[in-house]
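Chemist: Once you've had a glance at the structure underneath, I'll fire off some questions.
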Amino acid sequence: MRIGVLALQGAVAEHIRSIGLAGGEGVAVKTVEQLKEIGGLILPGGESTTIGKLMRKYGFIDAIREFAGEGKPVFGTCAGMIVLADKLEGAEEPHLRLMDMTVARNAFGRQRESFETDLDVKGIDTPLRAVFIRAPLIKEVGSDVDVLCSYKDEIVTARQGNLLACSYHPELTDDYRLHEYFLKMAEEAAAKH
Ligand SMILES: NC(=O)CC[C@H](N)C(=O)O
């Protein structure tokens, strides 16, 4: 299964590596045409304002909305989760507006800018190692959204059908089980077509 990683800015190589460890083939996606060649797309962490700006510039907003509309899986991690959200807290303009959730940026405050922890994620049988870096949080979800993990009473992983989102960087550890989970989503979606 070939999985694309949106390669405009952010942690691209690390996601490609994790997809490989999970048994898939990861490719860097730099043009909208490449979306035709992949069965799932990862929106990496980085800087959401920059990623959003570049997505607009290169036509990715409509192209990714169409990709997801065809039932193909999209996985937003950290800044990628911000980009995926229907609403952002504060006065900020949302980007893709695909997943029914409200996301707050930089939600952990200065004291806890970056940290590592183990998380209990629904669908993964033992705790997942996760790295949080100036991480966002999911403040609210719609009724179609399944909460897969909370950390200190805040939502940090969620799924809505073919859309998956997490606050942290699952690609910065050797624990690739969330990539494995996403690969399975892509395989299931491909089997339906
Ligand atoms: N590690 C990350 O992706 C950080 C996200 C970043 N704080 C943002 O708001 O875009």
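Residues in the structure tokens are named by chain (A, B, ... in the order shown) and by number from 1 within that chain; ligands are numbered from 1 in the order shown.
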Using only C-alpha atoms and all ligand atoms, what are the residues with an atom within 8 Å of ligand 1, set out as an mmCIF file with C-alpha atoms, in the first residue's frame?
Modeler:
```
data_model
loop_
_atom_site.group_PDB
_atom_site.id
_atom_site.type_symbol
_atom_site.label_atom_id
_atom_site.label_comp_id
_atom_site.auth_asym_id
_atom_site.auth_seq_id
_atom_site.Cartn_x
_atom_site.Cartn_y
_atom_site.Cartn_z
ATOM 1 C CA GLY A 10 7.503 19.659 8.419
ATOM 2 C CA PRO A 44 2.750 15.919 8.978
ATOM 3 C CA GLY A 45 3.612 18.083 11.968
ATOM 4 C CA GLY A 46 5.454 21.332 11.460
ATOM 5 C CA GLU A 47 3.975 24.808 11.333
ATOM 6 C CA SER A 48 0.295 24.805 10.430
ATOM 7 C CA THR A 49 0.184 28.428 9.236
ATOM 8 C CA THR A 50 3.014 27.744 6.779
ATOM 9 C CA THR A 77 -0.503 14.665 13.023
ATOM 10 C CA CYS A 78 0.130 17.735 15.211
ATOM 11 C CA ALA A 79 0.173 20.688 12.750
ATOM 12 C CA GLY A 80 -1.483 18.278 10.291
ATOM 13 C CA ILE A 82 -4.760 21.609 12.923
ATOM 14 C CA ARG A 105 -3.166 25.401 18.856
ATOM 15 C CA ASN A 106 -0.192 25.362 21.259
ATOM 16 C CA PHE A 132 4.315 16.166 22.031
ATOM 17 C CA ILE A 133 5.924 19.320 20.613
ATOM 18 C CA ARG A 134 4.022 22.610 21.025
ATOM 19 C CA ALA A 135 1.043 20.375 20.561
ATOM 20 C CA PRO A 136 -2.550 21.231 19.757
ATOM 21 C CA TYR A 168 1.503 14.347 18.896
ATOM 22 C CA HIS A 169 4.301 13.095 16.643
#
```
Chemist: With only C-alpha atoms counted and 8 Å as the cut-off, give the residues of stretch 8-74 of chain A in contact with stretch 85-101 of chain A, each with its shortest interatomic distance in Å and the pair that gives it, as CSV.
Modeler:
```
residue,atom,partner,partner_atom,distance
A:Gly52,CA,A:His95,CA,6.0
A:Ile61,CA,A:Leu96,CA,5.8
A:Ile64,CA,A:Leu96,CA,7.8
A:Arg65,CA,A:Leu96,CA,6.8
```
Chemist: So which one's closest to A:Gln34, A:Gly4, A:Asp174, A:Asp120, A:Leu54? Using only C-alpha atoms, please.
Modeler: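 Looking at the shortest contact to A:Gln34, the residue is A:Gly4.
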Chemist: Given only C-alpha atoms as the basis, pick out the residue of A:Ile38, A:Ala28, A:Phe67, A:Tyr151 nearest to A:Arg2.
Modeler: A:Ile38
Chemist: Tell me, in Å to one decimal, how far atom CA of A:Glu33 is from atom CA of A:Gly161.
Modeler: 24.2 Å
Chemist: Between atom CA of A:Val156 and atom CA of A:Thr126, what distance in Å does the model show, to one decimal?
Modeler: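 So the answer is 16.6 Å.
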Chemist: Return as number ranges by chain the full set of residues in stretch 3-189 of chain A whose backbone-based DSSP assignment is strand (DSSP E).
Modeler: A: 3-6, 25-29, 40-43, 74-77, 85-88, 99-104, 114-119, 128-133, 137-141, 146-151, 154-160, 163-166
Chemist: Using only C-alpha atoms, which of the listed residues (A:Leu183, A:Leu21, A:Gln9, A:Gly123) sits closest to A:Thr157?
Modeler: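 Nearest to A:Thr157: A:Gly123.
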Chemist: Apply DSSP to the structure's backbone, then extract all residues of chain A labelled alpha helix (DSSP H) and return them as a PyMOL selection string.
Modeler: chain A and resi 12-21+48-57+60-69+79-84+177-192
Chemist: Take the residues just selected and output them with C-alpha atoms as an mmCIF file, in the first residue's frame.
Modeler:
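The file below, part00.cif, is the result:
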```cif
data_model
loop_
_atom_site.group_PDB
_atom_site.id
_atom_site.type_symbol
_atom_site.label_atom_id
_atom_site.label_comp_id
_atom_site.auth_asym_id
_atom_site.auth_seq_id
_atom_site.Cartn_x
_atom_site.Cartn_y
_atom_site.Cartn_z
ATOM 1 C CA VAL A 12 8.169 14.350 6.156
ATOM 2 C CA ALA A 13 11.105 11.890 6.090
ATOM 3 C CA GLU A 14 10.224 10.550 9.548
ATOM 4 C CA HIS A 15 6.683 9.629 8.452
ATOM 5 C CA ILE A 16 8.022 7.936 5.310
ATOM 6 C CA ARG A 17 10.318 5.890 7.519
ATOM 7 C CA SER A 18 7.509 4.883 9.916
ATOM 8 C CA ILE A 19 5.231 3.843 7.045
ATOM 9 C CA GLY A 20 8.081 1.645 5.788
ATOM 10 C CA LEU A 21 8.526 0.076 9.247
ATOM 11 C CA SER A 48 0.295 24.805 10.430
ATOM 12 C CA THR A 49 0.184 28.428 9.236
ATOM 13 C CA THR A 50 3.014 27.744 6.779
ATOM 14 C CA ILE A 51 1.591 24.385 5.666
ATOM 15 C CA GLY A 52 -1.863 25.964 5.152
ATOM 16 C CA LYS A 53 -0.416 28.821 3.122
ATOM 17 C CA LEU A 54 1.541 26.465 0.863
ATOM 18 C CA MET A 55 -1.482 24.188 0.482
ATOM 19 C CA ARG A 56 -3.505 27.117 -0.828
ATOM 20 C CA LYS A 57 -0.698 28.183 -3.133
ATOM 21 C CA PHE A 60 -4.004 21.207 -2.240
ATOM 22 C CA ILE A 61 -7.072 22.492 -0.369
ATOM 23 C CA ASP A 62 -9.608 21.425 -3.018
ATOM 24 C CA ALA A 63 -7.534 18.422 -4.123
ATOM 25 C CA ILE A 64 -7.313 16.935 -0.611
ATOM 26 C CA ARG A 65 -10.995 17.648 0.070
ATOM 27 C CA GLU A 66 -11.775 15.697 -3.094
ATOM 28 C CA PHE A 67 -9.354 12.891 -2.146
ATOM 29 C CA ALA A 68 -11.051 12.504 1.260
ATOM 30 C CA GLY A 69 -14.494 12.817 -0.357
ATOM 31 C CA ALA A 79 0.173 20.688 12.750
ATOM 32 C CA GLY A 80 -1.483 18.278 10.291
ATOM 33 C CA MET A 81 -4.337 17.822 12.763
ATOM 34 C CA ILE A 82 -4.760 21.609 12.923
ATOM 35 C CA VAL A 83 -4.920 21.692 9.113
ATOM 36 C CA LEU A 84 -7.586 18.933 9.074
ATOM 37 C CA ARG A 177 1.638 1.077 15.470
ATOM 38 C CA LEU A 178 -0.433 4.176 14.684
ATOM 39 C CA HIS A 179 1.045 4.073 11.158
ATOM 40 C CA GLU A 180 0.079 0.403 11.046
ATOM 41 C CA TYR A 181 -3.451 1.391 12.112
ATOM 42 C CA PHE A 182 -3.579 4.006 9.330
ATOM 43 C CA LEU A 183 -2.260 1.520 6.758
ATOM 44 C CA LYS A 184 -5.100 -0.794 7.699
ATOM 45 C CA MET A 185 -7.586 2.077 7.144
ATOM 46 C CA ALA A 186 -6.081 2.608 3.677
ATOM 47 C CA GLU A 187 -6.241 -1.124 2.858
ATOM 48 C CA GLU A 188 -9.875 -1.287 3.945
ATOM 49 C CA ALA A 189 -10.751 1.800 1.868
ATOM 50 C CA ALA A 190 -8.982 0.343 -1.199
ATOM 51 C CA ALA A 191 -10.851 -2.956 -0.829
ATOM 52 C CA LYS A 192 -14.156 -1.064 -1.075
#
```
